[in-house]
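> Encoded as structure tokens, here's the structure I'll be asking about.
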Amino acid sequence: MTATSSQSDGVEIVENALLGGRVRLRQPAKGYRAGMDAALLAAAVEAGPGQRVLEAGCGAGAVLMQIAARRPDAVLTGLERDPAMAALARENAALNGAHATIVEGDVADGFRALGLKPFDQAVSNPPFFDDPGALRAPSPGKRGAWMADDGLKAWTDFLLKGVREGGRIVIIHRADRLADLLALLGEKAGSFGVRGIHPYADEPAKRVLVSAIKTGKAPLRLLPPLVLHERGGPKHTAEAEAILRGEAALGF
């Protein structure tokens with residue numbers, strides 16, 4: 001739901017309400033805009049009091065703000081390479097009273113470049129494509145969110161370095177990249193949890209949520225899927241609607 005709009009350096013900014021109004025999010029009116037993927041990733045993060053959580057590629061802070069609303073005692077840090085988006089993320093943290101620090105930097109530079117100690121959890125919604133020939137060129141405002149200039153491996157390497165031993169990594173990505181995610185994360189992590197996100201119950205998953213534990217050795221678990229829509233019914237299934245309103249979680 002769009003509540004207000006304004007201008008920032010000539011860019012129209014809109015304010016949206018998330019989690020049933022518990023979160024206010026300022027983001028550009030055009031270009032990449034946070035939606036279902038951000039809500040699902042935030043719902044999949046289980047962070048206890050005092051746990052440090054890092055998000056790689058935080059954009060305007062949609063995931064972080066929803067984690068903060070769900071887990072107010074967690075200590076959050078977001079990494080963002082676009083200065084304008086990082087500034088918006090800081091605005092959103094102040095707007096929502098979130099315990100979140102926003103750091104400007106590039107995943108491609110590696111975790112060590114941040115000079116931070118490893119986190120308890122690291123989460124991300126990496127760009128979905130790393131081959132410019134794989135899709136029609138996205139608009140300039142969406143390119144950074146859609147194209148992984150340094151490939152998916154740069155993101156998984158960053159996340160693996162970004163957590164302590166026994167720390168958790170959570171990623172939402174295209175379902176057809178599941179094998180790649182398992183292979184890349186499997187170099188240093190295990191104890192996988194995998195949950196498919198299906199548009200309808202009779203259609204293949206389009207997204208997948210993957211959880212991994214650094215140095216984990218437990219068998220992979222394939223969790224019950226989440227179905228987003230019901231044909232002929234409301235916009236979202238009851239389960240999906242509860243997640244979007246912040247009334248349910250998607251833990252592993």
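Going by the structure tokens order, chains are called A, B, ..., each with residues numbered from 1, while ligands are numbered from 1 in the order shown.
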Residues within 9 Å of segment 28-43 of chain A, please, as a VMD selection string. Count only C-alpha atoms; anything in the same chain fewer than 6 positions from it doesn't count.
chain A and resid 5 11 to 15 18 to 19 59 to 68 70 85 123 to 125 139 to 146 170 to 173 207 209 240 243 to 244 246 248 to 251
> With DSSP run on the backbone, what are the helix (DSSP H, G or I) residues within segment 14-249 of chain A? I'd like them as a count of residues only.
81
> For the structure I just gave you, how does DSSP split segment 5-163 of chain A - specifically, which residues are strand (DSSP E)? Reply as a VMD selection string.
chain A and resid 5 to 8 11 to 18 23 to 28 52 to 56 75 to 80 100 to 104 119 to 124 163
> Go ahead and dump the residues you just picked, N, CA and C atoms, as a CSV table (one decimal), in the first residue's frame.

```csv
chain,number,residue,atom,x,y,z
A,5,SER,N,4.2,10.1,-1.2
A,5,SER,CA,5.3,10.2,-2.2
A,5,SER,C,6.1,11.5,-2.0
A,6,SER,N,7.3,11.5,-2.4
A,6,SER,CA,8.2,12.7,-2.2
A,6,SER,C,9.3,12.7,-3.2
A,7,GLN,N,10.1,13.7,-3.2
A,7,GLN,CA,11.3,13.7,-4.1
A,7,GLN,C,12.6,13.7,-3.3
A,8,SER,N,13.6,13.0,-3.8
A,8,SER,CA,14.9,13.0,-3.2
A,8,SER,C,15.9,13.0,-4.4
A,11,VAL,N,14.6,12.1,-7.7
A,11,VAL,CA,14.0,10.8,-7.8
A,11,VAL,C,12.7,10.7,-6.9
A,12,GLU,N,11.6,10.3,-7.5
A,12,GLU,CA,10.4,10.1,-6.8
A,12,GLU,C,10.5,9.0,-5.8
A,13,ILE,N,10.2,9.3,-4.5
A,13,ILE,CA,10.2,8.3,-3.5
A,13,ILE,C,8.8,8.0,-2.9
A,14,VAL,N,8.5,6.8,-2.8
A,14,VAL,CA,7.2,6.5,-2.3
A,14,VAL,C,7.4,5.8,-0.9
A,15,GLU,N,6.4,5.9,-0.1
A,15,GLU,CA,6.4,5.2,1.2
A,15,GLU,C,5.3,4.1,1.2
A,16,ASN,N,5.8,2.9,1.4
A,16,ASN,CA,4.8,1.7,1.5
A,16,ASN,C,4.7,1.1,2.9
A,17,ALA,N,3.6,0.5,3.2
A,17,ALA,CA,3.4,-0.1,4.4
A,17,ALA,C,3.5,-1.6,4.3
A,18,LEU,N,4.4,-2.3,5.1
A,18,LEU,CA,4.6,-3.7,5.0
A,18,LEU,C,4.2,-4.4,6.4
A,23,VAL,N,5.7,-1.9,9.4
A,23,VAL,CA,6.9,-1.4,8.8
A,23,VAL,C,6.5,-0.3,7.8
A,24,ARG,N,7.3,0.8,7.8
A,24,ARG,CA,7.2,1.8,6.8
A,24,ARG,C,8.4,1.8,6.0
A,25,LEU,N,8.3,1.7,4.6
A,25,LEU,CA,9.4,1.6,3.8
A,25,LEU,C,9.4,2.6,2.7
A,26,ARG,N,10.4,3.5,2.7
A,26,ARG,CA,10.6,4.5,1.6
A,26,ARG,C,11.5,3.9,0.6
A,27,GLN,N,11.1,3.9,-0.7
A,27,GLN,CA,11.8,3.3,-1.8
A,27,GLN,C,11.5,4.1,-3.1
A,28,PRO,N,12.4,4.0,-4.1
A,28,PRO,CA,12.1,4.7,-5.4
A,28,PRO,C,10.8,4.2,-6.0
A,52,ARG,N,23.7,-11.3,15.8
A,52,ARG,CA,24.1,-10.4,14.8
A,52,ARG,C,23.8,-11.0,13.4
A,53,VAL,N,23.0,-10.2,12.6
A,53,VAL,CA,22.6,-10.6,11.3
A,53,VAL,C,23.0,-9.7,10.2
A,54,LEU,N,23.7,-10.2,9.2
A,54,LEU,CA,24.1,-9.4,8.1
A,54,LEU,C,23.3,-9.7,6.8
A,55,GLU,N,22.9,-8.6,6.1
A,55,GLU,CA,22.3,-8.8,4.8
A,55,GLU,C,23.2,-8.3,3.7
A,56,ALA,N,23.5,-9.1,2.7
A,56,ALA,CA,24.3,-8.7,1.6
A,56,ALA,C,23.4,-8.2,0.5
A,75,VAL,N,20.6,-7.7,16.2
A,75,VAL,CA,21.5,-6.6,15.8
A,75,VAL,C,21.7,-6.7,14.3
A,76,LEU,N,21.3,-5.8,13.5
A,76,LEU,CA,21.3,-5.9,12.1
A,76,LEU,C,22.3,-5.0,11.4
A,77,THR,N,22.9,-5.6,10.4
A,77,THR,CA,23.8,-4.8,9.5
A,77,THR,C,23.5,-5.1,8.1
A,78,GLY,N,23.4,-4.0,7.2
A,78,GLY,CA,23.2,-4.2,5.8
A,78,GLY,C,24.3,-3.7,5.0
A,79,LEU,N,24.7,-4.4,3.9
A,79,LEU,CA,25.7,-4.0,3.0
A,79,LEU,C,25.1,-3.6,1.7
A,80,GLU,N,25.4,-2.4,1.2
A,80,GLU,CA,24.8,-1.9,-0.1
A,80,GLU,C,25.8,-1.1,-0.8
A,100,ALA,N,19.7,-1.1,13.2
A,100,ALA,CA,20.4,-1.5,11.9
A,100,ALA,C,21.4,-0.5,11.5
A,101,THR,N,22.6,-1.1,11.2
A,101,THR,CA,23.7,-0.3,10.6
A,101,THR,C,23.9,-0.6,9.2
A,102,ILE,N,24.0,0.5,8.3
A,102,ILE,CA,24.1,0.3,6.9
A,102,ILE,C,25.5,0.7,6.5
A,103,VAL,N,26.2,-0.3,5.8
A,103,VAL,CA,27.6,-0.1,5.4
A,103,VAL,C,27.6,-0.1,3.9
A,104,GLU,N,28.3,0.9,3.3
A,104,GLU,CA,28.5,0.9,1.9
A,104,GLU,C,29.7,0.1,1.5
A,119,PHE,N,29.4,-12.9,11.5
A,119,PHE,CA,28.1,-12.7,12.0
A,119,PHE,C,27.5,-14.1,12.4
A,120,ASP,N,26.4,-14.0,13.2
A,120,ASP,CA,25.7,-15.3,13.6
A,120,ASP,C,24.9,-15.8,12.4
A,121,GLN,N,24.4,-14.8,11.6
A,121,GLN,CA,23.6,-15.2,10.4
A,121,GLN,C,23.9,-14.2,9.3
A,122,ALA,N,23.9,-14.7,8.0
A,122,ALA,CA,24.0,-13.8,6.9
A,122,ALA,C,22.9,-14.2,5.9
A,123,VAL,N,22.2,-13.2,5.3
A,123,VAL,CA,21.1,-13.5,4.5
A,123,VAL,C,21.2,-12.7,3.2
A,124,SER,N,20.6,-13.1,2.1
A,124,SER,CA,20.6,-12.4,0.9
A,124,SER,C,19.6,-12.8,-0.1
A,163,VAL,N,29.8,-15.5,8.0
A,163,VAL,CA,29.3,-16.1,9.2
A,163,VAL,C,30.3,-16.9,10.0
```
> Would you mind reading off the distance between atom CA of Leu226 of chain A and atom CA of Ala212 of chain A, one decimal, in Å?
18.7 Å
> Considering only C-alpha atoms, return as a list in words whatever protein or nucleic-acid residues lie within 12 Å of Pro199 of chain A, sequence-local ones (same chain, fewer than 3 positions apart) excluded.
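Result of the neighbour search: Met36, Ala175, Gly196, Asp202, Glu203, Pro204, Ala205, Lys206, Arg207, Val208, Pro225, Leu226, Val227, Leu228, His229, Glu230, Arg231, Lys235, His236, Thr237 and Ala240 of chain A.
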> So how far away is atom CA of Leu95 of chain A from atom CA of Ala44 of chain A, in Å?
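Going from atom CA of Ala44 of chain A over to atom CA of Leu95 of chain A, I get 23.2 Å.
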> Could you check which of A:Ala86, A:Ser191, A:Pro49, A:Gly232 is closest to Pro219 of chain A, using only C-alpha atoms?
A:Ser191
